[in-house]
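Everything below belongs to my_file.cif, which stores mmCIF, C-alpha atoms.
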```
data_run
loop_
_atom_site.label_atom_id
_atom_site.label_comp_id
_atom_site.auth_asym_id
_atom_site.auth_seq_id
_atom_site.Cartn_x
_atom_site.Cartn_y
_atom_site.Cartn_z
CA MET A 10 -23.74 -54.74 208.42
CA ASN A 11 -26.29 -57.35 207.37
CA THR A 12 -25.29 -58.95 204.07
CA GLU A 13 -26.87 -61.51 201.79
CA SER A 14 -25.13 -63.93 199.44
CA GLY A 15 -26.22 -64.30 195.84
CA ILE A 16 -25.82 -62.88 192.39
CA ILE A 17 -26.77 -59.59 190.76
CA PHE A 18 -27.66 -60.08 187.13
CA ARG A 19 -29.41 -58.37 184.27
CA VAL A 20 -31.87 -59.46 181.61
CA GLY A 21 -31.92 -56.80 178.95
CA GLU A 22 -31.60 -53.61 180.99
CA THR A 23 -33.38 -54.92 184.13
CA HIS A 24 -31.04 -55.61 187.06
CA SER A 25 -32.10 -58.10 189.75
CA PHE A 26 -30.75 -60.00 192.75
CA LEU A 27 -31.07 -63.79 193.17
CA PRO A 28 -30.09 -65.27 196.57
CA ALA A 29 -27.50 -68.02 196.80
CA GLU A 30 -30.12 -70.45 198.13
CA ILE A 31 -31.71 -70.41 194.68
CA ALA A 32 -28.69 -69.62 192.46
CA ARG A 33 -26.60 -72.79 192.59
CA GLN A 34 -24.24 -72.40 189.69
CA ILE A 35 -23.46 -70.01 186.83
CA LEU A 36 -22.90 -71.58 183.40
CA ALA A 37 -22.60 -70.60 179.77
CA LEU A 38 -25.96 -70.95 178.05
CA PRO A 39 -26.07 -74.45 176.52
CA ARG A 40 -27.88 -75.40 173.34
CA ILE A 41 -31.59 -75.13 174.03
CA THR A 42 -34.27 -77.16 172.32
CA PRO A 43 -37.57 -75.23 172.15
CA ILE A 44 -40.71 -77.01 173.31
CA PRO A 45 -43.68 -76.50 170.95
CA GLY A 46 -46.75 -75.13 172.70
CA ALA A 47 -44.89 -74.35 175.93
CA PRO A 48 -45.63 -71.09 177.83
CA ARG A 49 -43.48 -68.19 176.63
CA TRP A 50 -41.48 -68.18 179.92
CA CYS A 51 -40.33 -71.71 179.26
CA VAL A 52 -37.54 -71.17 176.74
CA GLY A 53 -36.94 -74.88 176.17
CA LEU A 54 -34.99 -77.88 177.31
CA ALA A 55 -31.23 -78.26 177.67
CA VAL A 56 -28.88 -80.96 178.93
CA VAL A 57 -27.03 -79.61 181.96
CA HIS A 58 -24.47 -81.88 183.66
CA GLY A 59 -26.06 -84.79 181.81
CA ASN A 60 -29.60 -84.04 183.01
CA PRO A 61 -32.45 -82.63 180.91
CA THR A 62 -33.32 -79.30 182.49
CA ALA A 63 -36.11 -76.83 181.75
CA ILE A 64 -34.82 -73.38 180.90
CA VAL A 65 -37.02 -70.47 181.96
CA SER A 66 -36.76 -66.71 181.64
CA ALA A 67 -38.75 -63.73 182.90
CA GLU A 68 -38.05 -61.90 179.61
CA PRO A 69 -37.45 -64.55 176.95
CA GLU A 70 -37.42 -61.97 174.14
CA MET A 71 -34.22 -60.45 175.51
CA PRO A 72 -30.81 -61.81 174.48
CA LEU A 73 -29.82 -64.65 176.80
CA HIS A 74 -26.14 -65.62 177.17
CA VAL A 75 -25.78 -67.08 180.70
CA LEU A 76 -27.59 -69.84 182.56
CA VAL A 77 -28.10 -69.74 186.33
CA LEU A 78 -28.73 -73.27 187.51
CA SER A 79 -31.35 -72.73 190.19
CA MET A 80 -33.03 -74.82 192.85
CA TYR A 81 -36.59 -73.85 193.77
CA ALA A 82 -39.29 -75.84 195.54
CA GLY A 83 -37.15 -78.95 195.26
CA GLU A 84 -36.91 -78.61 191.48
CA THR A 85 -33.88 -77.79 189.38
CA LEU A 86 -34.51 -75.09 186.77
CA GLY A 87 -32.25 -73.17 184.48
CA LEU A 88 -32.74 -69.40 184.52
CA GLY A 89 -31.68 -67.77 181.28
CA ILE A 90 -30.19 -64.29 181.74
CA THR A 91 -28.15 -61.80 179.75
CA GLU A 92 -25.20 -61.22 182.11
CA VAL A 93 -24.06 -61.71 185.69
CA ILE A 94 -23.00 -58.34 187.10
CA ALA A 95 -21.58 -59.57 190.43
CA ALA A 96 -21.57 -62.57 192.74
CA GLY A 97 -20.88 -62.57 196.47
CA ALA A 98 -22.28 -61.09 199.67
CA PHE A 99 -24.18 -57.78 199.31
CA PRO A 100 -25.63 -55.44 201.94
CA ARG A 101 -29.31 -54.41 202.00
CA ASP A 102 -30.51 -50.84 202.37
CA GLN A 103 -33.42 -49.67 204.56
CA ASP A 104 -35.86 -50.28 201.68
CA GLY A 105 -34.85 -53.94 201.59
CA ASN A 106 -33.02 -53.68 198.27
CA VAL A 107 -29.63 -55.29 197.76
CA VAL A 108 -26.90 -52.74 197.10
CA GLY A 109 -24.74 -53.85 194.21
CA PRO A 110 -21.78 -52.24 192.41
CA SER A 111 -24.13 -49.98 190.45
CA GLY A 112 -26.67 -49.21 193.17
CA PRO A 113 -29.73 -50.80 194.80
CA VAL A 114 -31.27 -53.79 193.05
CA ARG A 115 -34.67 -55.44 193.60
CA ASP A 116 -34.97 -59.14 194.41
CA PHE A 117 -35.83 -61.32 191.48
CA ASP A 118 -39.30 -62.78 191.94
CA PHE A 119 -38.44 -66.38 191.22
CA ALA A 120 -41.62 -67.62 192.91
CA SER A 121 -43.78 -65.65 190.52
CA LEU A 122 -41.90 -66.94 187.47
CA TYR A 123 -42.13 -70.51 188.82
CA ALA A 124 -45.87 -70.10 189.36
CA ARG A 125 -46.37 -68.66 185.86
CA VAL A 126 -44.55 -71.58 184.28
CA ARG A 127 -46.40 -74.13 186.36
CA GLN A 128 -49.86 -72.61 185.95
CA SER A 129 -49.78 -71.65 182.30
CA GLU A 130 -51.52 -73.78 179.74
CA TRP A 131 -49.42 -75.93 177.55
CA ARG A 132 -50.75 -75.85 174.02
CA ALA A 133 -48.63 -78.63 172.67
CA PHE A 134 -51.44 -80.37 170.80
CA GLU A 135 -53.85 -77.57 170.04
CA GLU A 136 -52.41 -76.62 166.69
CA ALA A 137 -51.41 -80.10 165.63
CA PRO A 138 -53.24 -81.41 162.53
CA SER A 139 -56.10 -83.78 163.33
CA THR A 140 -55.36 -87.41 162.70
CA ARG A 141 -57.88 -90.00 161.56
CA ILE A 142 -57.27 -93.68 161.49
CA LEU A 143 -58.60 -95.17 158.32
CA VAL A 144 -59.95 -98.64 158.74
CA PRO A 145 -60.27 -100.59 155.55
CA MET B 23 24.68 -20.55 57.32
CA LYS B 24 25.45 -18.39 60.23
CA GLN B 25 27.03 -20.16 63.23
CA ARG B 26 25.07 -20.04 66.45
CA GLU B 27 26.66 -17.97 69.20
CA PRO B 28 27.00 -20.05 72.37
CA LYS B 29 26.95 -17.11 74.78
CA TYR B 30 23.48 -16.05 73.63
CA THR B 31 22.18 -19.58 73.28
CA LEU B 32 22.70 -20.16 76.99
CA PHE B 33 20.68 -17.09 77.99
CA ARG B 34 17.92 -17.95 75.57
CA LEU B 35 17.72 -21.35 77.07
CA LEU B 36 17.60 -20.02 80.60
CA ARG B 37 14.97 -17.41 79.75
CA ARG B 38 12.85 -19.98 77.99
CA THR B 39 13.21 -22.26 80.90
CA MET B 40 12.01 -19.53 83.23
CA ARG B 41 9.04 -18.76 81.02
CA ALA B 42 8.03 -22.21 79.90
CA ASP B 43 8.83 -24.11 83.06
CA ALA B 44 6.36 -22.27 85.26
CA GLY B 45 3.83 -25.13 84.77
CA PRO B 46 6.11 -28.15 85.01
CA THR B 47 8.06 -26.61 87.91
CA ARG B 48 4.85 -26.21 89.87
CA SER B 49 3.97 -29.81 89.03
CA ALA B 50 7.35 -31.08 90.25
CA ALA B 51 7.00 -29.01 93.41
CA GLU B 52 3.53 -30.38 94.01
CA GLU B 53 4.73 -33.91 93.45
CA GLY B 54 7.59 -33.29 95.88
CA ALA B 55 5.19 -31.82 98.44
CA ALA B 56 2.84 -34.79 98.00
CA TRP B 57 5.69 -37.19 98.55
CA MET B 58 6.86 -35.27 101.59
CA SER B 59 3.32 -35.37 103.04
CA HIS B 60 3.28 -39.07 102.35
CA GLU B 61 6.59 -39.48 104.14
CA ARG B 62 5.39 -37.51 107.16
CA ALA B 63 2.19 -39.55 107.28
CA ARG B 64 4.21 -42.77 107.05
CA GLU B 65 6.55 -41.69 109.86
CA GLY B 66 3.59 -40.62 111.99
CA VAL B 67 1.80 -43.91 111.49
CA GLN B 68 4.98 -45.84 112.25
CA ALA B 69 5.46 -43.85 115.48
CA THR B 70 1.81 -44.50 116.41
CA SER B 71 2.21 -48.20 115.71
CA GLU B 72 5.36 -48.39 117.84
CA ALA B 73 3.72 -46.41 120.65
CA ALA B 74 0.69 -48.73 120.55
CA ALA B 75 3.00 -51.75 120.83
CA ARG B 76 4.79 -50.16 123.81
CA MET B 77 1.44 -49.29 125.41
CA ALA B 78 0.20 -52.86 124.92
CA SER B 79 3.34 -54.16 126.60
CA THR B 80 2.99 -51.70 129.49
CA VAL B 81 -0.70 -52.49 129.95
CA SER B 82 0.10 -56.20 129.91
CA ARG B 83 2.72 -55.73 132.67
CA HIS B 84 0.26 -53.53 134.55
CA ARG B 85 -2.43 -56.21 134.35
CA ALA B 86 -0.01 -58.87 135.60
CA MET B 87 0.91 -56.63 138.52
CA VAL B 88 -2.75 -55.90 139.36
CA ASP B 89 -3.50 -59.65 139.23
CA SER B 90 -0.61 -60.34 141.58
CA ILE B 91 -1.74 -57.62 144.02
CA ALA B 92 -5.34 -58.89 143.86
CA ASP B 93 -4.14 -62.43 144.68
CA ARG B 94 -2.09 -61.17 147.62
CA THR B 95 -4.98 -59.04 148.86
CA ARG B 96 -7.29 -62.05 148.69
CA ALA B 97 -4.76 -64.15 150.62
CA ALA B 98 -4.33 -61.38 153.23
CA SER B 99 -8.13 -61.12 153.54
CA MET B 100 -8.37 -64.88 154.11
CA ARG B 101 -5.66 -64.72 156.78
CA ALA B 102 -7.43 -61.81 158.50
CA LYS B 103 -10.67 -63.84 158.50
CA ASP B 104 -8.78 -66.80 160.01
CA LEU B 105 -7.45 -64.42 162.64
CA LEU B 106 -11.02 -63.31 163.41
CA LEU B 107 -12.10 -66.94 163.82
CA ALA B 108 -9.14 -67.63 166.10
CA LEU B 109 -10.02 -64.56 168.17
CA GLY B 110 -13.60 -65.81 168.39
CA ARG B 111 -12.31 -69.09 169.80
CA LEU B 112 -10.11 -67.14 172.20
CA ARG B 113 -13.12 -65.21 173.51
CA GLU B 114 -14.87 -68.36 174.76
CA PRO B 115 -12.17 -69.44 177.29
CA TRP B 116 -12.13 -65.93 178.73
CA GLU B 117 -15.91 -66.05 179.16
CA ARG B 118 -15.70 -69.49 180.80
CA LEU B 119 -12.95 -68.27 183.12
CA GLY B 120 -15.13 -65.31 184.07
CA LEU B 121 -17.98 -67.69 184.93
CA VAL B 122 -15.59 -69.80 187.04
CA ALA B 123 -14.59 -66.65 188.92
CA LEU B 124 -18.26 -65.75 189.48
CA ASN B 125 -19.00 -69.26 190.78
CA THR B 126 -15.97 -69.05 193.08
CA SER B 127 -17.28 -65.75 194.41
CA LEU B 128 -20.76 -67.25 194.92
CA GLU B 129 -19.32 -70.24 196.77
CA GLY B 130 -17.13 -67.95 198.86
CA ALA B 131 -20.21 -65.89 199.82
CA ARG B 132 -22.06 -69.09 200.69
CA LEU B 133 -19.22 -70.16 203.00
CA GLY B 134 -19.46 -66.91 204.93
CA GLU B 135 -17.27 -63.86 205.40
CA THR B 136 -14.48 -65.61 207.31
CA ALA B 137 -14.18 -68.91 205.46
CA GLY B 138 -14.98 -67.53 202.02
CA HIS B 139 -12.91 -64.37 202.14
CA ALA B 140 -9.90 -65.91 200.40
CA MET B 141 -12.15 -67.28 197.64
CA GLN B 142 -13.70 -63.87 197.19
CA LEU B 143 -10.27 -62.28 196.82
CA VAL B 144 -9.13 -64.85 194.28
CA SER B 145 -12.39 -64.45 192.38
CA GLU B 146 -12.03 -60.66 192.20
CA GLU B 147 -8.43 -60.96 191.01
CA VAL B 148 -9.35 -63.49 188.34
CA ARG B 149 -12.34 -61.39 187.20
CA ALA B 150 -10.10 -58.33 186.85
CA HIS B 151 -7.69 -60.29 184.65
CA VAL B 152 -10.57 -61.77 182.67
CA GLY B 153 -11.94 -58.28 182.09
CA ARG B 154 -8.58 -57.07 180.75
CA GLY B 155 -8.18 -60.19 178.62
CA GLU B 156 -11.68 -59.83 177.14
CA GLU B 157 -11.06 -56.15 176.44
CA GLY B 158 -7.80 -57.04 174.65
CA VAL B 159 -9.53 -59.69 172.56
CA ARG B 160 -12.32 -57.22 171.71
CA GLU B 161 -9.80 -54.58 170.58
CA VAL B 162 -7.80 -57.03 168.44
CA SER B 163 -11.06 -58.39 166.98
CA ALA B 164 -12.21 -54.86 166.09
CA THR B 165 -8.85 -54.16 164.41
CA ALA B 166 -9.00 -57.47 162.53
CA SER B 167 -12.58 -56.70 161.42
CA ASP B 168 -11.50 -53.28 160.13
CA THR B 169 -8.58 -54.93 158.32
CA VAL B 170 -10.89 -57.50 156.70
CA ARG B 171 -13.28 -54.75 155.63
CA GLU B 172 -10.51 -52.58 154.18
CA LEU B 173 -8.95 -55.54 152.39
CA GLU B 174 -12.34 -56.36 150.87
CA GLN B 175 -12.71 -52.76 149.68
CA LEU B 176 -9.16 -52.86 148.29
CA HIS B 177 -9.98 -56.09 146.50
CA ALA B 178 -13.11 -54.52 144.97
CA MET B 179 -11.06 -51.54 143.78
CA LEU B 180 -8.45 -53.86 142.30
CA GLU B 181 -11.19 -55.69 140.44
CA GLN B 182 -12.31 -52.36 138.97
CA THR B 183 -8.70 -51.58 138.01
CA ARG B 184 -8.41 -55.00 136.39
CA SER B 185 -11.58 -54.38 134.41
CA MET B 186 -10.27 -50.97 133.29
CA ALA B 187 -6.96 -52.56 132.24
CA ILE B 188 -8.89 -55.07 130.11
CA ASP B 189 -10.78 -52.19 128.44
CA LEU B 190 -7.50 -50.36 127.91
CA THR B 191 -5.94 -53.45 126.32
CA GLU B 192 -8.84 -53.65 123.87
CA GLU B 193 -8.53 -49.96 123.02
CA VAL B 194 -4.78 -50.20 122.51
CA GLY B 195 -5.42 -53.18 120.24
CA GLN B 196 -7.86 -51.05 118.24
CA VAL B 197 -5.26 -48.26 117.96
CA ALA B 198 -2.64 -50.78 116.77
CA GLY B 199 -5.13 -52.21 114.25
CA ALA B 200 -5.98 -48.73 112.95
CA ALA B 201 -2.28 -47.86 112.65
CA SER B 202 -1.63 -51.07 110.74
CA ALA B 203 -4.55 -50.35 108.36
CA THR B 204 -3.30 -46.80 107.81
CA GLU B 205 0.22 -48.11 107.14
CA GLN B 206 -1.20 -50.48 104.54
CA ALA B 207 -3.23 -47.66 102.95
CA LEU B 208 -0.09 -45.51 102.81
CA THR B 209 1.81 -48.31 101.09
CA GLU B 210 -0.98 -48.52 98.49
CA LEU B 211 -0.91 -44.73 98.15
CA ARG B 212 2.85 -44.85 97.57
CA GLU B 213 2.43 -47.41 94.80
CA ARG B 214 -0.33 -45.35 93.14
CA LEU B 215 1.71 -42.17 93.44
CA GLN B 216 4.69 -43.93 91.86
CA LYS B 217 2.48 -45.09 88.98
CA ALA B 218 0.86 -41.68 88.54
CA THR B 219 4.00 -39.56 88.74
CA GLY B 220 6.67 -42.02 87.61
CA THR B 221 8.75 -40.94 90.56
CA ASP B 222 9.49 -42.08 94.04
CA PRO B 223 10.06 -40.05 97.22
CA GLU B 224 13.82 -39.81 96.75
CA THR B 225 13.60 -38.70 93.09
CA ALA B 226 10.81 -36.25 93.85
CA ARG B 227 12.87 -34.77 96.69
CA ALA B 228 15.92 -34.44 94.42
CA ILE B 229 13.84 -32.84 91.62
CA ALA B 230 12.29 -30.40 94.05
CA GLN B 231 15.71 -29.42 95.36
CA ALA B 232 17.15 -29.09 91.83
CA THR B 233 14.15 -26.98 90.78
CA GLU B 234 14.63 -24.71 93.74
CA HIS B 235 18.36 -24.31 92.99
CA ALA B 236 17.68 -23.65 89.30
CA THR B 237 15.07 -21.03 90.18
CA GLN B 238 17.51 -19.33 92.50
CA LEU B 239 20.22 -19.48 89.78
CA VAL B 240 17.97 -17.90 87.16
CA SER B 241 16.89 -15.20 89.59
CA ALA B 242 20.50 -14.46 90.49
CA LEU B 243 21.51 -14.30 86.81
CA GLY B 244 18.60 -12.00 86.04
CA ALA B 245 19.58 -9.68 88.85
CA LEU B 246 23.22 -9.79 87.83
CA SER B 247 22.51 -9.05 84.17
CA THR B 248 20.99 -5.68 85.10
CA ARG B 249 24.24 -4.55 86.74
CA VAL B 250 27.03 -6.29 84.80
CA PRO B 251 27.56 -6.01 81.02
CA ARG B 252 26.20 -9.09 79.38
CA ASP B 253 29.37 -10.00 77.41
CA LEU B 254 31.45 -9.87 80.55
CA LEU B 255 28.87 -11.91 82.44
CA VAL B 256 28.65 -14.57 79.74
CA GLN B 257 32.39 -14.77 79.48
CA SER B 258 32.92 -15.23 83.17
CA LEU B 259 30.05 -17.68 83.71
CA ARG B 260 30.54 -19.77 80.57
CA PRO B 261 32.88 -22.40 82.14
CA VAL B 262 30.33 -23.06 84.83
CA LEU B 263 27.14 -22.82 82.81
CA GLU B 264 28.19 -24.64 79.61
CA PRO B 265 27.81 -28.12 81.22
CA LEU B 266 24.35 -27.07 82.33
CA GLY B 267 23.49 -25.99 78.81
CA ARG B 268 24.70 -29.26 77.41
CA PHE B 269 22.75 -31.15 80.04
CA LEU B 270 19.52 -29.29 79.32
CA GLY B 271 19.96 -29.26 75.51
CA ASP B 272 18.56 -26.46 73.37
CA PRO B 273 15.44 -27.72 71.65
CA GLY B 274 14.28 -24.21 70.63
CA ALA B 275 17.65 -22.97 69.32
CA GLU B 276 16.96 -23.68 65.61
CA GLY B 277 16.03 -20.58 63.66
CA GLU B 278 17.21 -18.19 66.35
CA SER B 279 20.56 -16.53 65.54
CA SER B 280 20.68 -13.45 67.66
CA PRO B 281 20.04 -12.61 71.28
CA ARG B 282 17.04 -10.59 72.28
#
```
Mind turning the file's structure into structure tokens?
Amino acid sequence: MNTESGIIFRVGETHSFLPAEIARQILALPRITPIPGAPRWCVGLAVVHGNPTAIVSAEPEMPLHVLVLSMYAGETLGLGITEVIAAGAFPRDQDGNVVGPSGPVRDFDFASLYARVRQSEWRAFEEAPSTRILVP
Amino acid sequence: MKQREPKYTLFRLLRRTMRADAGPTRSAAEEGAAWMSHERAREGVQATSEAAARMASTVSRHRAMVDSIADRTRAASMRAKDLLLALGRLREPWERLGLVALNTSLEGARLGETAGHAMQLVSEEVRAHVGRGEEGVREVSATASDTVRELEQLHAMLEQTRSMAIDLTEEVGQVAGAASATEQALTELRERLQKATGTDPETARAIAQATEHATQLVSALGALSTRVPRDLLVQSLRPVLEPLGRFLGDPGAEGESSPR
């Protein structure tokens, strides 16, 4: 049977599959520093293995406890999730869904999340108070 | 001058006593009753005062015990909270170990079915143990939380008991104060009664008893005199009654020379 390596995880009540090519490592969620004006999918910045890493999430309003250190398009990103359900090699059914311990699971659309983060407007300076230099 | 006959003098005296003493006898009886009421009141107040002192002592011991239990409950609550913190610290290593097992499983899957099979097996075994460990920590934490909550409730109840004991102490103090004031009032009453009647409880009691005996004696003599001839009665009772006659005197004997 054809299997695929990766992790099955959930964010809130939504279960998804992330292939091992993207999911590099599973870590406890580190302390995250929010970025003012950042798109809502960009939760903030955290230091992971000594490197500042952007933490993203498809559903940032949900409780996030675990970080999946991911590699996508040559960039390292941290994906904030609620819980990892399983890790390993999983078969796919005829619909193309990965079959996990609790049934078929859709692939996580990392590309879409990456695009949303990249293409969204950053409003870091929009709400900042205007500054005026007073020259005597 | 005709000599007075002692046998009739005695009866005259007794009859007069019966007639004339109705007022004074009642007065002596009332004085005796007043003194007896005073005595009962004094004994009652003394018993109340002693009971209040015992109650104050008991309440004081009770308060000390409640304080001690409250201190121990507080200490037990603190220890239970420490236990909760320790269990919280224990939860983290289990979670980290679970993540290690997940990473091992991911790496094993990446290596392929043949090369990574052993890693997968180890990962599954470790995850099973982690699951049991986390479940155990959760159960102990829930029990410790319940214990903390119950100890806090117990502490609140003990605080209420302590507050009630304080109220009770104040009330017992008021009872003791009232008993003391009543005792003082009774002492004043005793002094005033002594001044007013010229007697004291012991004398009044003795007078009341003597009055009662004398009344009974006069009644008995009256009853006897209807059945026994008077001369015979006087003759047989004279040795006993003459000292009584002498003791009482015969202020109304002058001018009377014959029995009625």
Close residues, Ser129 in chain A itself excluded, 10 Å, only C-alpha atoms, min 4 positions apart in chain, as JSON, numbers by chain
{"A": [47, 48, 49, 50, 51, 124, 125]}
Give me, as number ranges by chain, the residues of chain A touching chain B, with the criterion being at most 9 Å (counting all atoms listed in the file).
A: 13-16, 29-30, 32-37, 75, 93, 95-98
Expected file: the selected residues, C-alpha atoms, as a PDB file, in the frame of the given file:
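Done, and the output landed in part.pdb:
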```
ATOM      1  CA  GLU A  13     -26.870 -61.510 201.790  1.00  0.00           C
ATOM      2  CA  SER A  14     -25.130 -63.930 199.440  1.00  0.00           C
ATOM      3  CA  GLY A  15     -26.220 -64.300 195.840  1.00  0.00           C
ATOM      4  CA  ILE A  16     -25.820 -62.880 192.390  1.00  0.00           C
ATOM      5  CA  ALA A  29     -27.500 -68.020 196.800  1.00  0.00           C
ATOM      6  CA  GLU A  30     -30.120 -70.450 198.130  1.00  0.00           C
ATOM      7  CA  ALA A  32     -28.690 -69.620 192.460  1.00  0.00           C
ATOM      8  CA  ARG A  33     -26.600 -72.790 192.590  1.00  0.00           C
ATOM      9  CA  GLN A  34     -24.240 -72.400 189.690  1.00  0.00           C
ATOM     10  CA  ILE A  35     -23.460 -70.010 186.830  1.00  0.00           C
ATOM     11  CA  LEU A  36     -22.900 -71.580 183.400  1.00  0.00           C
ATOM     12  CA  ALA A  37     -22.600 -70.600 179.770  1.00  0.00           C
ATOM     13  CA  VAL A  75     -25.780 -67.080 180.700  1.00  0.00           C
ATOM     14  CA  VAL A  93     -24.060 -61.710 185.690  1.00  0.00           C
ATOM     15  CA  ALA A  95     -21.580 -59.570 190.430  1.00  0.00           C
ATOM     16  CA  ALA A  96     -21.570 -62.570 192.740  1.00  0.00           C
ATOM     17  CA  GLY A  97     -20.880 -62.570 196.470  1.00  0.00           C
ATOM     18  CA  ALA A  98     -22.280 -61.090 199.670  1.00  0.00           C
TER      19      ALA A  98
END
```
Length of the CA of Glu156 in chain B to CA of Arg111 in chain B vector [Å]
11.8 Å
Within 6 Å of range 62-71 of chain A, counting all atoms listed in the file, which residues qualify if same-chain residues fewer than 3 places away don't, as a VMD selection string?
chain A and resid 21 50 to 56 86 to 89
What is the distance between CA of Leu119 in chain B and CA of Ile17 in chain A, in Å to one decimal?
18.0 Å
Completion of range 212-218 of chain B up to all heavy atoms, as a PDB file, in the frame of the given file:
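Produced file rebuild17.pdb, reproduced below:
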```pdb
ATOM      1  N   ARG B 212       1.493 -45.019  98.117  1.00  0.00           N
ATOM      2  CA  ARG B 212       2.850 -44.850  97.570  1.00  0.00           C
ATOM      3  C   ARG B 212       2.930 -45.490  96.182  1.00  0.00           C
ATOM      4  O   ARG B 212       3.456 -44.893  95.241  1.00  0.00           O
ATOM      5  CB  ARG B 212       3.838 -45.519  98.536  1.00  0.00           C
ATOM      6  CG  ARG B 212       5.286 -45.437  98.113  1.00  0.00           C
ATOM      7  CD  ARG B 212       6.119 -46.379  99.002  1.00  0.00           C
ATOM      8  NE  ARG B 212       7.470 -46.455  98.501  1.00  0.00           N
ATOM      9  CZ  ARG B 212       8.474 -45.747  98.986  1.00  0.00           C
ATOM     10  NH1 ARG B 212       8.273 -44.926  99.977  1.00  0.00           N
ATOM     11  NH2 ARG B 212       9.679 -45.868  98.461  1.00  0.00           N
ATOM     12  N   GLU B 213       2.380 -46.715  96.093  1.00  0.00           N
ATOM     13  CA  GLU B 213       2.430 -47.410  94.800  1.00  0.00           C
ATOM     14  C   GLU B 213       1.657 -46.630  93.739  1.00  0.00           C
ATOM     15  O   GLU B 213       2.115 -46.469  92.600  1.00  0.00           O
ATOM     16  CB  GLU B 213       1.849 -48.821  94.949  1.00  0.00           C
ATOM     17  CG  GLU B 213       2.778 -49.760  95.707  1.00  0.00           C
ATOM     18  CD  GLU B 213       2.098 -51.053  96.119  1.00  0.00           C
ATOM     19  OE1 GLU B 213       0.911 -51.243  95.741  1.00  0.00           O
ATOM     20  OE2 GLU B 213       2.733 -51.858  96.823  1.00  0.00           O
ATOM     21  N   ARG B 214       0.486 -46.102  94.110  1.00  0.00           N
ATOM     22  CA  ARG B 214      -0.330 -45.350  93.140  1.00  0.00           C
ATOM     23  C   ARG B 214       0.362 -44.047  92.739  1.00  0.00           C
ATOM     24  O   ARG B 214       0.330 -43.638  91.575  1.00  0.00           O
ATOM     25  CB  ARG B 214      -1.712 -45.060  93.728  1.00  0.00           C
ATOM     26  CG  ARG B 214      -2.557 -46.308  93.834  1.00  0.00           C
ATOM     27  CD  ARG B 214      -3.931 -45.999  94.418  1.00  0.00           C
ATOM     28  NE  ARG B 214      -4.621 -47.239  94.741  1.00  0.00           N
ATOM     29  CZ  ARG B 214      -5.253 -47.990  93.848  1.00  0.00           C
ATOM     30  NH1 ARG B 214      -5.270 -47.637  92.587  1.00  0.00           N
ATOM     31  NH2 ARG B 214      -5.848 -49.109  94.214  1.00  0.00           N
ATOM     32  N   LEU B 215       0.979 -43.400  93.735  1.00  0.00           N
ATOM     33  CA  LEU B 215       1.710 -42.170  93.440  1.00  0.00           C
ATOM     34  C   LEU B 215       2.879 -42.434  92.484  1.00  0.00           C
ATOM     35  O   LEU B 215       3.156 -41.664  91.570  1.00  0.00           O
ATOM     36  CB  LEU B 215       2.234 -41.541  94.731  1.00  0.00           C
ATOM     37  CG  LEU B 215       1.356 -40.477  95.387  1.00  0.00           C
ATOM     38  CD1 LEU B 215       1.954 -40.063  96.727  1.00  0.00           C
ATOM     39  CD2 LEU B 215       1.212 -39.261  94.492  1.00  0.00           C
ATOM     40  N   GLN B 216       3.553 -43.567  92.726  1.00  0.00           N
ATOM     41  CA  GLN B 216       4.690 -43.930  91.860  1.00  0.00           C
ATOM     42  C   GLN B 216       4.206 -44.137  90.430  1.00  0.00           C
ATOM     43  O   GLN B 216       4.834 -43.692  89.479  1.00  0.00           O
ATOM     44  CB  GLN B 216       5.356 -45.201  92.391  1.00  0.00           C
ATOM     45  CG  GLN B 216       6.450 -44.901  93.392  1.00  0.00           C
ATOM     46  CD  GLN B 216       7.119 -46.153  93.915  1.00  0.00           C
ATOM     47  OE1 GLN B 216       6.535 -47.229  93.870  1.00  0.00           O
ATOM     48  NE2 GLN B 216       8.333 -46.013  94.392  1.00  0.00           N
ATOM     49  N   LYS B 217       3.028 -44.843  90.317  1.00  0.00           N
ATOM     50  CA  LYS B 217       2.480 -45.090  88.980  1.00  0.00           C
ATOM     51  C   LYS B 217       2.050 -43.785  88.312  1.00  0.00           C
ATOM     52  O   LYS B 217       2.289 -43.549  87.135  1.00  0.00           O
ATOM     53  CB  LYS B 217       1.270 -46.027  89.085  1.00  0.00           C
ATOM     54  CG  LYS B 217       1.664 -47.491  89.109  1.00  0.00           C
ATOM     55  CD  LYS B 217       0.424 -48.354  89.083  1.00  0.00           C
ATOM     56  CE  LYS B 217       0.793 -49.789  89.389  1.00  0.00           C
ATOM     57  NZ  LYS B 217      -0.395 -50.589  89.685  1.00  0.00           N
ATOM     58  N   ALA B 218       1.409 -42.920  89.097  1.00  0.00           N
ATOM     59  CA  ALA B 218       0.860 -41.680  88.540  1.00  0.00           C
ATOM     60  C   ALA B 218       1.952 -40.685  88.163  1.00  0.00           C
ATOM     61  O   ALA B 218       1.849 -39.988  87.147  1.00  0.00           O
ATOM     62  CB  ALA B 218      -0.100 -41.041  89.536  1.00  0.00           C
TER      63      ALA B 218
END
```
